[in-house]
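Raw contents of coords14.cif, mmCIF, C-alpha atoms:
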data_start
#
loop_
_atom_site.label_atom_id
_atom_site.label_comp_id
_atom_site.auth_asym_id
_atom_site.auth_seq_id
_atom_site.Cartn_x
_atom_site.Cartn_y
_atom_site.Cartn_z
CA MET H 1422 71.78 64.70 63.91
CA GLU H 1423 73.50 67.89 62.66
CA PRO H 1424 73.80 70.51 65.42
CA VAL H 1425 72.06 73.85 64.94
CA GLN H 1426 74.42 76.41 63.44
CA TYR H 1427 74.67 79.58 65.50
CA SER H 1428 73.46 82.86 64.03
CA TYR H 1429 75.25 86.19 64.33
CA GLU H 1430 72.69 87.28 66.95
CA ASP H 1431 73.62 84.24 69.05
CA PHE H 1432 77.22 85.47 69.20
CA ALA H 1433 76.08 88.96 70.24
CA ARG H 1434 73.91 87.70 73.11
CA LEU H 1435 76.75 87.32 75.64
CA PRO H 1436 78.32 90.81 75.31
CA THR H 1437 74.93 92.56 75.22
CA THR H 1438 73.68 90.61 78.26
CA VAL H 1439 76.78 91.49 80.29
CA PHE H 1440 76.26 95.21 79.67
CA TRP H 1441 72.58 94.95 80.54
CA ILE H 1442 73.74 94.15 84.10
CA MET H 1443 74.65 97.83 84.51
CA GLY H 1444 71.71 99.08 82.43
CA TYR H 1445 73.73 99.88 79.30
CA ASP H 1446 72.15 98.84 76.00
CA MET H 1447 74.97 98.71 73.47
CA LEU H 1448 72.96 97.82 70.35
CA GLY H 1449 69.82 99.82 71.11
CA VAL H 1450 67.47 96.83 71.23
CA PRO H 1451 63.81 98.00 70.98
CA LYS H 1452 62.08 98.08 74.39
CA THR H 1453 58.83 99.29 75.87
CA ARG H 1454 58.71 102.85 77.21
CA SER H 1455 58.49 101.72 80.85
CA ARG H 1456 61.45 99.39 80.40
CA ARG H 1457 63.50 102.18 78.79
CA ILE H 1458 62.77 104.44 81.76
CA LEU H 1459 63.80 101.74 84.25
CA TYR H 1460 67.03 101.14 82.33
CA TRP H 1461 67.75 104.87 82.28
CA ILE H 1462 67.12 105.22 86.04
CA TYR H 1463 69.32 102.22 86.85
CA ARG H 1464 72.05 103.50 84.48
CA PHE H 1465 71.91 106.90 86.18
CA LEU H 1466 72.15 105.32 89.67
CA CYS H 1467 75.22 103.30 88.66
CA LEU H 1468 76.98 106.35 87.20
CA ALA H 1469 75.98 108.64 90.09
CA SER H 1470 77.14 106.10 92.69
CA HIS H 1471 80.40 105.67 90.83
CA GLY H 1472 80.91 109.43 90.78
CA VAL H 1473 80.16 109.78 94.50
CA CYS H 1474 82.50 106.92 95.46
CA VAL H 1475 85.36 108.22 93.32
CA GLY H 1476 84.84 111.71 94.78
CA VAL H 1477 84.95 110.43 98.37
CA MET H 1478 88.02 108.31 97.59
CA VAL H 1479 89.88 111.32 96.16
CA PHE H 1480 88.87 113.36 99.22
CA ARG H 1481 90.29 110.71 101.60
CA MET H 1482 93.53 110.60 99.62
CA VAL H 1483 93.90 114.39 99.70
CA GLU H 1484 92.94 114.51 103.38
CA ALA H 1485 95.45 111.69 104.09
CA LYS H 1486 94.28 111.33 107.72
CA THR H 1487 92.73 107.86 107.48
CA ILE H 1488 95.44 106.22 105.33
CA ASP H 1489 97.82 105.29 108.11
CA ASN H 1490 99.27 101.84 107.31
CA VAL H 1491 100.84 99.87 104.46
CA SER H 1492 97.77 97.67 104.01
CA LEU H 1493 95.53 100.70 103.39
CA ILE H 1494 98.07 102.26 101.03
CA MET H 1495 98.03 99.10 98.90
CA ARG H 1496 94.22 98.99 99.13
CA TYR H 1497 93.95 102.53 97.82
CA ALA H 1498 96.54 101.79 95.11
CA THR H 1499 94.39 98.85 94.00
CA LEU H 1500 91.26 100.98 93.93
CA VAL H 1501 92.88 103.81 91.97
CA THR H 1502 94.35 101.50 89.30
CA TYR H 1503 91.11 99.52 88.97
CA ILE H 1504 89.04 102.69 88.61
CA ILE H 1505 91.37 104.02 85.91
CA ASN H 1506 91.24 100.65 84.16
CA SER H 1507 87.44 100.42 84.29
CA ASP H 1508 86.79 104.05 83.35
CA THR H 1509 89.16 103.75 80.39
CA LYS H 1510 87.21 100.78 79.10
CA PHE H 1511 83.88 102.47 79.79
CA ALA H 1512 85.02 105.51 77.78
CA THR H 1513 85.87 103.10 74.95
CA VAL H 1514 82.41 101.51 74.83
CA LEU H 1515 80.77 104.94 74.86
CA GLN H 1516 81.71 105.00 71.16
CA ARG H 1517 78.37 103.29 70.61
CA SER H 1518 77.77 104.52 67.06
CA ALA H 1519 81.21 103.23 65.93
CA ILE H 1520 80.61 99.88 67.67
CA GLN H 1521 77.14 99.56 66.13
CA SER H 1522 78.59 100.39 62.70
CA LEU H 1523 81.27 97.69 63.02
CA ASN H 1524 78.67 95.27 64.32
CA SER H 1525 76.44 95.91 61.28
CA LYS H 1526 79.33 95.37 58.85
CA LEU H 1527 80.24 92.06 60.47
CA ALA H 1528 76.57 91.01 60.53
CA GLU H 1529 76.37 91.57 56.75
CA LEU H 1530 79.51 89.47 56.22
CA TYR H 1531 78.37 86.61 58.46
CA PRO H 1532 77.42 83.37 56.60
CA LYS H 1533 73.69 83.39 55.90
CA THR H 1534 72.84 79.82 54.85
CA THR H 1535 73.22 76.70 56.97
CA LEU H 1536 75.63 75.12 54.48
CA ASP H 1537 77.77 78.24 54.44
CA ARG H 1538 77.85 78.31 58.25
CA ILE H 1539 78.86 74.66 58.33
CA TYR H 1540 81.64 75.38 55.81
CA HIS H 1541 82.93 78.28 57.93
CA ARG H 1542 82.56 76.12 61.08
CA VAL H 1543 80.86 78.91 62.95
CA ASN H 1544 80.04 76.64 65.90
CA ASP H 1545 83.78 76.13 66.51
CA HIS H 1546 84.10 79.89 67.03
CA TYR H 1547 81.15 80.23 69.39
CA TRP H 1548 81.67 81.12 73.06
CA THR H 1549 82.96 78.05 74.84
CA LYS H 1550 81.55 76.94 78.17
CA SER H 1551 84.92 77.55 79.80
CA PHE H 1552 84.86 81.17 78.60
CA VAL H 1553 81.32 81.71 79.89
CA TYR H 1554 82.34 80.18 83.23
CA LEU H 1555 85.33 82.54 83.33
CA VAL H 1556 83.02 85.54 82.88
CA ILE H 1557 80.69 84.22 85.61
CA ILE H 1558 83.61 83.58 87.98
CA TYR H 1559 85.05 87.04 87.31
CA ILE H 1560 81.73 88.75 88.05
CA GLY H 1561 81.10 86.37 90.97
CA SER H 1562 84.50 87.00 92.58
CA SER H 1563 83.94 90.76 92.19
CA ILE H 1564 80.55 90.41 93.88
CA MET H 1565 82.19 88.47 96.70
CA VAL H 1566 84.68 91.31 97.22
CA VAL H 1567 81.69 93.61 97.87
CA ILE H 1568 79.47 91.29 99.89
CA GLY H 1569 82.34 89.56 101.71
CA PRO H 1570 82.45 92.19 104.51
CA ILE H 1571 78.76 91.88 105.30
CA ILE H 1572 79.07 88.09 105.29
CA THR H 1573 81.95 88.47 107.77
CA SER H 1574 79.76 90.77 109.90
CA ILE H 1575 76.91 88.23 109.88
CA ILE H 1576 79.30 85.43 110.88
CA ALA H 1577 80.60 87.63 113.72
CA TYR H 1578 77.01 88.23 114.85
CA PHE H 1579 76.23 84.51 115.08
CA THR H 1580 79.57 83.57 116.67
CA HIS H 1581 80.20 86.56 118.99
CA ASN H 1582 76.77 88.26 119.12
CA VAL H 1583 78.30 91.41 117.62
CA PHE H 1584 77.45 92.77 114.18
CA THR H 1585 80.66 94.54 113.07
CA TYR H 1586 79.10 96.68 110.30
CA MET H 1587 81.98 95.99 107.92
CA HIS H 1588 81.77 97.23 104.32
CA CYS H 1589 83.91 97.03 101.22
CA TYR H 1590 85.66 100.33 100.56
CA PRO H 1591 87.86 102.04 103.19
CA TYR H 1592 87.02 105.60 102.18
CA PHE H 1593 83.53 105.39 103.74
CA LEU H 1594 83.74 105.82 107.53
CA TYR H 1595 80.88 104.37 109.57
CA ASP H 1596 80.60 104.40 113.37
CA PRO H 1597 77.72 102.15 114.56
CA GLU H 1598 77.66 103.93 117.93
CA LYS H 1599 77.05 107.35 116.37
CA ASP H 1600 75.57 106.77 112.92
CA PRO H 1601 72.09 105.31 112.21
CA VAL H 1602 71.68 102.01 110.35
CA TRP H 1603 70.24 103.66 107.24
CA ILE H 1604 73.63 105.30 106.59
CA TYR H 1605 75.25 101.85 106.63
CA ILE H 1606 72.62 100.57 104.19
CA SER H 1607 73.15 103.63 101.96
CA ILE H 1608 76.92 103.08 101.99
CA TYR H 1609 76.45 99.48 100.95
CA ALA H 1610 74.03 100.44 98.15
CA LEU H 1611 76.54 103.00 96.86
CA GLU H 1612 79.36 100.46 96.99
CA TRP H 1613 77.27 97.83 95.17
CA LEU H 1614 76.31 100.15 92.29
CA HIS H 1615 79.82 101.60 92.12
CA SER H 1616 81.29 98.10 91.92
CA THR H 1617 78.76 97.08 89.27
CA GLN H 1618 79.77 100.04 87.11
CA MET H 1619 83.48 99.18 87.37
CA VAL H 1620 83.29 95.40 87.04
CA ILE H 1621 80.91 95.33 84.06
CA SER H 1622 82.81 98.12 82.27
CA ASN H 1623 86.01 96.14 82.80
CA ILE H 1624 84.91 92.70 81.62
CA GLY H 1625 82.22 93.90 79.20
CA ALA H 1626 84.56 96.00 77.04
CA ASP H 1627 86.94 93.05 76.64
CA ILE H 1628 84.08 90.73 75.68
CA TRP H 1629 83.05 93.15 72.91
CA LEU H 1630 86.66 93.31 71.72
CA LEU H 1631 86.92 89.50 71.66
CA TYR H 1632 83.51 89.21 70.01
CA PHE H 1633 84.59 91.35 67.06
CA GLN H 1634 88.02 89.73 66.85
CA VAL H 1635 86.49 86.24 66.79
CA GLN H 1636 84.26 87.27 63.87
CA ILE H 1637 87.21 88.62 61.86
CA ASN H 1638 89.26 85.49 62.62
CA LEU H 1639 86.33 83.34 61.45
CA HIS H 1640 86.42 84.98 58.01
CA PHE H 1641 90.20 84.72 57.67
CA ARG H 1642 89.88 80.99 58.32
CA GLY H 1643 87.13 80.89 55.67
CA ILE H 1644 89.49 82.50 53.11
CA ILE H 1645 92.24 80.00 53.90
CA ARG H 1646 89.86 77.04 53.61
CA SER H 1647 88.39 78.34 50.34
CA LEU H 1648 91.84 78.68 48.77
CA GLU H 1649 92.85 75.20 49.91
CA ASP H 1650 89.68 73.61 48.51
CA HIS H 1651 89.46 75.44 45.17
CA LYS H 1652 91.10 73.91 42.08
CA PRO H 1653 91.23 76.40 39.18
CA SER H 1654 91.46 75.46 35.52
CA VAL H 1655 91.59 77.34 32.23
CA LYS H 1656 88.48 75.40 31.25
CA HIS H 1657 86.35 77.40 33.69
CA ASP H 1658 88.49 80.52 33.92
CA GLN H 1659 85.56 82.95 34.14
CA GLU H 1660 84.18 81.29 37.27
CA ASP H 1661 87.67 81.00 38.77
CA ARG H 1662 88.34 84.71 38.32
CA LYS H 1663 85.01 85.60 39.92
CA PHE H 1664 85.91 83.33 42.85
CA ILE H 1665 89.40 84.80 43.37
CA ALA H 1666 88.15 88.38 42.90
CA LYS H 1667 85.72 87.79 45.78
CA ILE H 1668 88.61 86.50 47.90
CA VAL H 1669 90.66 89.64 47.11
CA ASP H 1670 87.71 91.90 47.98
CA LYS H 1671 87.05 90.00 51.19
CA GLN H 1672 90.70 90.24 52.23
CA VAL H 1673 90.62 94.02 51.72
CA HIS H 1674 87.32 94.25 53.61
CA LEU H 1675 88.69 92.28 56.56
CA VAL H 1676 91.72 94.56 56.78
CA SER H 1677 89.32 97.52 56.84
CA LEU H 1678 87.24 95.90 59.60
CA GLN H 1679 90.36 95.21 61.67
CA ASN H 1680 91.35 98.86 61.27
CA ASP H 1681 87.88 99.84 62.50
CA LEU H 1682 88.34 97.54 65.50
CA ASN H 1683 91.74 99.05 66.27
CA GLY H 1684 90.27 102.52 65.89
CA ILE H 1685 87.65 101.79 68.56
CA PHE H 1686 89.66 99.78 71.08
CA GLY H 1687 93.29 100.47 70.17
CA LYS H 1688 93.50 103.94 71.71
CA SER H 1689 92.66 102.65 75.19
CA LEU H 1690 94.12 99.16 74.86
CA LEU H 1691 97.64 100.09 75.97
CA LEU H 1692 96.39 101.93 79.08
CA SER H 1693 93.98 99.05 79.80
CA LEU H 1694 96.79 96.47 79.67
CA LEU H 1695 99.07 98.57 81.88
CA THR H 1696 96.39 99.30 84.48
CA THR H 1697 95.26 95.65 84.51
CA ALA H 1698 98.87 94.64 85.21
CA ALA H 1699 98.99 97.30 87.97
CA VAL H 1700 95.74 95.94 89.48
CA ILE H 1701 97.19 92.40 89.47
CA CYS H 1702 100.35 93.68 91.22
CA THR H 1703 98.60 95.73 93.90
CA VAL H 1704 95.93 93.09 94.58
CA ALA H 1705 98.58 90.37 94.86
CA VAL H 1706 100.63 92.41 97.36
CA TYR H 1707 97.52 93.40 99.35
CA THR H 1708 96.42 89.75 99.50
CA LEU H 1709 99.85 88.63 100.72
CA ILE H 1710 99.78 91.31 103.42
CA GLN H 1711 96.25 90.41 104.57
CA GLY H 1712 96.93 86.70 104.81
CA PRO H 1713 94.40 83.82 104.64
CA THR H 1714 91.03 85.57 104.99
CA LEU H 1715 87.72 85.42 103.11
CA GLU H 1716 88.67 88.69 101.41
CA GLY H 1717 92.09 87.28 100.49
CA PHE H 1718 90.50 84.15 99.01
CA THR H 1719 88.13 86.16 96.80
CA TYR H 1720 91.04 88.34 95.68
CA VAL H 1721 93.06 85.26 94.66
CA ILE H 1722 90.17 84.18 92.41
CA PHE H 1723 89.90 87.73 91.10
CA ILE H 1724 93.63 87.80 90.22
CA GLY H 1725 93.29 84.48 88.36
CA THR H 1726 90.37 85.69 86.25
CA SER H 1727 92.10 89.02 85.57
CA VAL H 1728 95.19 87.20 84.26
CA MET H 1729 92.98 85.06 82.03
CA GLN H 1730 91.23 88.20 80.81
CA VAL H 1731 94.55 89.68 79.62
CA TYR H 1732 95.62 86.31 78.19
CA LEU H 1733 92.48 85.99 76.04
CA VAL H 1734 92.90 89.47 74.54
CA CYS H 1735 96.52 88.63 73.67
CA TYR H 1736 95.59 85.14 72.45
CA TYR H 1737 93.01 86.37 69.94
CA GLY H 1738 95.39 89.15 68.92
CA GLN H 1739 97.95 86.42 68.16
CA GLN H 1740 95.35 84.49 66.19
CA VAL H 1741 94.53 87.31 63.77
CA LEU H 1742 98.26 87.93 63.32
CA ASP H 1743 98.85 84.26 62.46
CA LEU H 1744 95.76 83.82 60.29
CA SER H 1745 96.41 86.89 58.15
CA GLY H 1746 99.90 85.54 57.47
CA GLU H 1747 98.59 82.03 56.74
CA VAL H 1748 96.60 83.43 53.81
CA ALA H 1749 99.89 83.74 51.90
CA HIS H 1750 100.81 80.13 52.77
CA ALA H 1751 97.39 78.99 51.55
CA VAL H 1752 98.12 80.69 48.20
CA TYR H 1753 101.58 79.07 47.99
CA ASN H 1754 100.05 75.64 48.65
CA HIS H 1755 97.18 76.38 46.29
CA ASP H 1756 96.89 74.06 43.27
CA PHE H 1757 97.13 76.84 40.66
CA HIS H 1758 99.36 75.22 38.01
CA ASP H 1759 96.41 74.78 35.63
CA ALA H 1760 95.01 78.30 36.17
CA SER H 1761 95.07 81.19 33.72
CA ILE H 1762 97.56 84.07 33.86
CA ALA H 1763 94.82 86.48 34.99
CA TYR H 1764 93.95 84.15 37.89
CA LYS H 1765 97.61 83.94 38.94
CA ARG H 1766 97.83 87.74 38.99
CA TYR H 1767 94.99 87.80 41.51
CA LEU H 1768 96.93 85.31 43.62
CA LEU H 1769 99.94 87.61 43.50
CA ILE H 1770 97.80 90.48 44.82
CA ILE H 1771 96.69 88.30 47.76
CA ILE H 1772 100.28 87.30 48.54
CA ILE H 1773 101.52 90.91 48.46
CA ARG H 1774 98.74 92.05 50.80
CA ALA H 1775 99.32 89.11 53.13
CA GLN H 1776 102.94 90.23 53.60
CA GLN H 1777 101.61 93.03 55.81
CA PRO H 1778 100.07 91.06 58.71
CA VAL H 1779 96.74 92.20 60.07
CA GLU H 1780 97.04 92.80 63.80
CA LEU H 1781 95.23 93.94 66.90
CA ASN H 1782 97.29 96.88 68.07
CA ALA H 1783 97.35 99.48 70.81
CA MET H 1784 97.61 103.10 69.71
CA GLY H 1785 98.83 102.03 66.28
CA TYR H 1786 102.27 100.73 67.27
CA LEU H 1787 102.10 98.00 69.94
CA SER H 1788 101.02 94.67 68.46
CA ILE H 1789 98.90 92.63 70.88
CA SER H 1790 100.09 89.02 70.88
CA LEU H 1791 101.17 86.24 73.22
CA ASP H 1792 104.59 87.88 73.44
CA THR H 1793 102.83 90.94 74.88
CA PHE H 1794 101.23 88.71 77.53
CA LYS H 1795 104.57 87.12 78.45
CA GLN H 1796 106.25 90.52 78.80
CA LEU H 1797 103.34 91.89 80.85
CA MET H 1798 103.37 88.94 83.27
CA SER H 1799 107.16 89.09 83.56
CA VAL H 1800 107.09 92.78 84.47
CA SER H 1801 104.17 92.19 86.90
CA TYR H 1802 106.09 89.45 88.72
CA ARG H 1803 109.14 91.68 89.09
CA VAL H 1804 107.01 94.56 90.41
CA ILE H 1805 105.26 92.28 92.95
CA THR H 1806 108.66 91.00 94.16
CA MET H 1807 110.04 94.54 94.44
CA LEU H 1808 106.97 95.80 96.38
CA MET H 1809 107.12 92.88 98.82
CA GLN H 1810 110.83 93.53 99.46
CA MET H 1811 110.14 97.24 100.06
CA ILE H 1812 107.33 96.45 102.52
CA GLN H 1813 109.32 93.86 104.42
#

Conversion result in structure tokens:
Amino acid sequence: MEPVQYSYEDFARLPTTVFWIMGYDMLGVPKTRSRRILYWIYRFLCLASHGVCVGVMVFRMVEAKTIDNVSLIMRYATLVTYIINSDTKFATVLQRSAIQSLNSKLAELYPKTTLDRIYHRVNDHYWTKSFVYLVIIYIGSSIMVVIGPIITSIIAYFTHNVFTYMHCYPYFLYDPEKDPVWIYISIYALEWLHSTQMVISNIGADIWLLYFQVQINLHFRGIIRSLEDHKPSVKHDQEDRKFIAKIVDKQVHLVSLQNDLNGIFGKSLLLSLLTTAAVICTVAVYTLIQGPTLEGFTYVIFIGTSVMQVYLVCYYGQQVLDLSGEVAHAVYNHDFHDASIAYKRYLLIIIIRAQQPVELNAMGYLSISLDTFKQLMSVSYRVITMLMQMIQ
């Protein structure tokens, strides 16, 4: 039995669902009035909590009275870099009209019929289970970072009959002997909403980037396959020229779509990569300092998913770079010896345009590829080593 071919809306379900977790509706899906109000209230609470937590953190750093050891310095360094990373990505996805416009253009280009979807092998480009699990693990490990302290407090209560009132972020000071319990609950609520804002902004923006890049890669593969399968002849020159003209137009359109994608995400992509690398470095050093604890274990998982997050962005950036270049190879290997002169001129246009590879780039000059990932990980390793030597 032939499997059901995924629709464009099926692809969009994962990125939209992830952003719903923090009450942000990227595509403006129609909702009832009461549901819109609830979303707005929840969205406001996440942003307000984030603002309060960042404000308190900055105050503690300026005050500098409570940051009195290396472990706390690394903890604050981790928080600062992660906040910058998350807020950069959140600012990117606030370009909702541009994202919706690109989404509409790709929806129009998506194969409409079942046969066309089978030909483009859309199911091969759909979110894999391993990718979905990665997203779940990333969000889950981030949740564990927040709820880990209260779990530790509960364990302490059952083992030593003392509830330690631990919480996630060091910039909130709570004294159980002086402060009422409702302040502790309020602190935890603030930390939960603040964390939700950061984590979902961080992973959600990258999912939208990958979502659009996967769609563009799908169509480049379709062009390559079409050229490989088509056999032109002077006997049906009119049909051949219509076919190749569509290929030329589609190639130009895909370049335009990639430029739109770079315009939305490219400006913040360089800062996102640098701050992600900084987060990996500071978290790794903090984990090594803390030793084998529940918090350290959740941070190890978090580091692993963060590395995979960067790898996937670079991997799909490498794919579009390779596929755009393979269009020229598909033309070279194309069986065009029996085609008309006019048809061959179209092929020449495709080859010339394919000489300028289409790429995912940061700020218009840094091409995002697997080489970028290797360089980023190499620099991160050297920074981690240097920080550990300085601390020791």

Sorted by chain and rising residue number, list the residues of stretch 1651-1752 of chain H at most 10 Å from stretch 1776-1800 of chain H (counting all atoms listed in the file), each with its closest atom pair and distance in Å to one decimal, as a Markdown table.
| residue | atom | partner | partner_atom | distance |
| --- | --- | --- | --- | --- |
| H:Leu1675 | CA | H:Val1779 | CA | 8.8 |
| H:Val1676 | CA | H:Val1779 | CA | 6.4 |
| H:Ser1677 | CA | H:Val1779 | CA | 9.7 |
| H:Gln1679 | CA | H:Val1779 | CA | 7.2 |
| H:Asn1680 | CA | H:Leu1781 | CA | 8.4 |
| H:Leu1682 | CA | H:Leu1781 | CA | 7.9 |
| H:Asn1683 | CA | H:Leu1781 | CA | 6.2 |
| H:Gly1684 | CA | H:Met1784 | CA | 8.3 |
| H:Phe1686 | CA | H:Ala1783 | CA | 7.7 |
| H:Gly1687 | CA | H:Ala1783 | CA | 4.2 |
| H:Lys1688 | CA | H:Met1784 | CA | 4.6 |
| H:Ser1689 | CA | H:Ala1783 | CA | 7.2 |
| H:Leu1690 | CA | H:Ala1783 | CA | 5.2 |
| H:Leu1691 | CA | H:Ala1783 | CA | 5.2 |
| H:Leu1692 | CA | H:Ala1783 | CA | 8.7 |
| H:Ser1693 | CA | H:Ala1783 | CA | 9.6 |
| H:Leu1694 | CA | H:Leu1797 | CA | 8.1 |
| H:Leu1695 | CA | H:Leu1797 | CA | 8.0 |
| H:Thr1697 | CA | H:Leu1797 | CA | 9.6 |
| H:Ala1698 | CA | H:Leu1797 | CA | 6.8 |
| H:Ala1699 | CA | H:Val1800 | CA | 9.9 |
| H:Ile1701 | CA | H:Met1798 | CA | 9.4 |
| H:Cys1702 | CA | H:Val1800 | CA | 9.6 |
| H:Val1728 | CA | H:Met1798 | CA | 8.4 |
| H:Val1731 | CA | H:Phe1794 | CA | 7.1 |
| H:Tyr1732 | CA | H:Phe1794 | CA | 6.1 |
| H:Leu1733 | CA | H:Leu1791 | CA | 9.1 |
| H:Val1734 | CA | H:Ile1789 | CA | 7.7 |
| H:Cys1735 | CA | H:Ser1790 | CA | 4.5 |
| H:Tyr1736 | CA | H:Leu1791 | CA | 5.7 |
| H:Tyr1737 | CA | H:Ser1790 | CA | 7.6 |
| H:Gly1738 | CA | H:Ser1790 | CA | 5.1 |
| H:Gln1739 | CA | H:Ser1790 | CA | 4.3 |
| H:Gln1740 | CA | H:Ser1790 | CA | 8.1 |
| H:Val1741 | CA | H:Glu1780 | CA | 6.0 |
| H:Leu1742 | CA | H:Glu1780 | CA | 5.0 |
| H:Asp1743 | CA | H:Pro1778 | CA | 7.9 |
| H:Leu1744 | CA | H:Val1779 | CA | 8.4 |
| H:Ser1745 | CA | H:Pro1778 | CA | 5.6 |
| H:Gly1746 | CA | H:Pro1778 | CA | 5.7 |
| H:Glu1747 | CA | H:Pro1778 | CA | 9.4 |
| H:Val1748 | CA | H:Gln1776 | CA | 9.3 |
| H:Ala1749 | CA | H:Gln1776 | CA | 7.4 |

Atom CA of H:His1640 and atom CA of H:Gln1672, how far apart in Å?
-> 8.9 Å

Go through H:Asp1661, H:Asp1489, H:Glu1430, H:Glu1612 one by one, measure the shortest atom-to-atom distance of each to H:His1588 using all atoms listed in the file, and give the residue with the smallest value.
->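 Going through H:Asp1661, H:Asp1489, H:Glu1430, H:Glu1612 one by one, the smallest distance to H:His1588 is for H:Glu1612.
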
Distance in Å - atom CA of H:His1471 versus atom CA of H:Gln1521 | 25.7 Å

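Atom CA of H:Thr1703 is found 22.1 Å from atom CA of H:Gly1625.
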
Do a neighbour search on H:Tyr1632 at 12 Å with only C-alpha atoms, toss out local chain neighbours closer than 4 positions, and write the hits as a PyMOL selection string.
-> chain H and resi 1429-1437+1520+1523-1524+1527-1528+1546-1548+1552+1625-1628+1636-1639+1682+1733-1734+1737-1738

Find the axis-aligned box for stretch 1559-1573 of chain H, covering all its listed atoms and adding 4 Å on each side, and write its centre and edge lengths in Å to one decimal as JSON.
{"center_x": 81.9, "center_y": 90.0, "center_z": 97.5, "size_x": 14.3, "size_y": 15.2, "size_z": 28.5}

Min atom-atom distance to H:Trp1613 from the set H:Gly1569, H:Ser1470, H:Val1477, H:Ile1504, counting only C-alpha atoms, belongs to H:Ser1470

Quick one: residues within 12 Å of H:Ile1442, only C-alpha atoms counted, chain neighbours fewer than 3 positions away excluded, as JSON, numbers by chain?
-> {"H": [1435, 1436, 1437, 1438, 1439, 1445, 1446, 1447, 1460, 1463, 1464, 1467, 1560, 1614, 1616, 1617, 1618, 1619, 1620, 1621, 1622, 1624, 1625]}

Do a neighbour search on H:Arg1496 at 12 Å with all atoms listed in the file, toss out local chain neighbours closer than 5 positions, and write the hits as a list of chain:residue names.
-> H:Met1478, H:Met1482, H:Ile1488, H:Asp1489, H:Asn1490, H:Val1491, H:Val1501, H:Thr1502, H:Tyr1503, H:Cys1589, H:Tyr1590, H:Pro1591, H:Tyr1592, H:Val1700, H:Cys1702, H:Thr1703, H:Val1704, H:Ala1705, H:Val1706, H:Tyr1707, H:Thr1708, H:Leu1709, H:Ile1710, H:Gln1711, H:Glu1716, H:Gly1717, H:Tyr1720

Around the point (81.8, 84.3, 86.7) in the file's coordinates, collect all residues with an atom within 12 Å, using only C-alpha atoms, and return them as an NGL selection string.
-> :H and (1439 or 1550-1565 or 1620-1621 or 1624 or 1722-1723 or 1725-1727 or 1730)

Evaluated on this file, the PyMOL selection byres ((chain H and resi 1649) around 10) picks out some residues - which ones are they, written as a short mmCIF file (atom, residue, chain, number, x, y, z; two decimals) with C-alpha atoms, in the coordinates of the input?
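The resulting selection_7.cif:
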data_model
loop_
_atom_site.label_atom_id
_atom_site.label_comp_id
_atom_site.auth_asym_id
_atom_site.auth_seq_id
_atom_site.Cartn_x
_atom_site.Cartn_y
_atom_site.Cartn_z
CA GLY H 1643 87.13 80.89 55.67
CA ILE H 1644 89.49 82.50 53.11
CA ILE H 1645 92.24 80.00 53.90
CA ARG H 1646 89.86 77.04 53.61
CA SER H 1647 88.39 78.34 50.34
CA LEU H 1648 91.84 78.68 48.77
CA ASP H 1650 89.68 73.61 48.51
CA HIS H 1651 89.46 75.44 45.17
CA LYS H 1652 91.10 73.91 42.08
CA VAL H 1748 96.60 83.43 53.81
CA HIS H 1750 100.81 80.13 52.77
CA ALA H 1751 97.39 78.99 51.55
CA VAL H 1752 98.12 80.69 48.20
CA TYR H 1753 101.58 79.07 47.99
CA ASN H 1754 100.05 75.64 48.65
CA HIS H 1755 97.18 76.38 46.29
CA ASP H 1756 96.89 74.06 43.27
#

If you apply the PyMOL selection byres ((chain H and resi 1595) around 12) to this file, what residues do you get, as a list in words?
-> Thr1585, Tyr1586, Met1587, His1588, Cys1589, Tyr1590, Pro1591, Tyr1592, Phe1593, Leu1594, Asp1596, Pro1597, Glu1598, Lys1599, Asp1600, Pro1601, Val1602, Trp1603, Ile1604, Tyr1605, Ile1606, Ser1607, Ile1608 and Tyr1609 of chain H

When distances are computed from all atoms listed in the file, which of H:Asn1544, H:Phe1633, H:Arg1456, H:Met1807 shows the smallest separation from H:Pro1532?
-> H:Asn1544

Counting only C-alpha atoms, the option among H:Thr1513, H:Thr1549, H:Gln1659, H:Thr1719 closest to H:Ala1763 |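 Looking at the shortest contact to H:Ala1763, the residue is H:Gln1659.
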
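Of the residues listed (H:Ala1760, H:Met1811, H:Val1669, H:Ile1724), H:Ala1760 shows the shortest atom-to-atom separation from H:Lys1656; distances use only C-alpha atoms.
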
Contacts of H:Phe1584 at 8 Å or less, counting only C-alpha atoms, minus same-chain residues fewer than 5 places along, as number ranges by chain?
-> H: 1574-1575, 1577-1578

Answer key for the PyMOL selection byres ((chain H and resi 1535) around 12), residues as a list in words =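 Taken on the displayed file, the PyMOL selection byres ((chain H and resi 1535) around 12) yields the residues Glu1423, Pro1424, Val1425, Gln1426, Tyr1427, Ser1428, Tyr1531, Pro1532, Lys1533, Thr1534, Leu1536, Asp1537, Arg1538, Ile1539, Tyr1540, His1541, Arg1542, Val1543 and Asn1544 of chain H.
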
Could you pull out every residue with an atom within 9 Å of (91.9, 76.2, 35.3), file coordinates, counting all atoms listed in the file, and send them as a PyMOL selection string?
-> chain H and resi 1652-1658+1661+1757-1761+1764
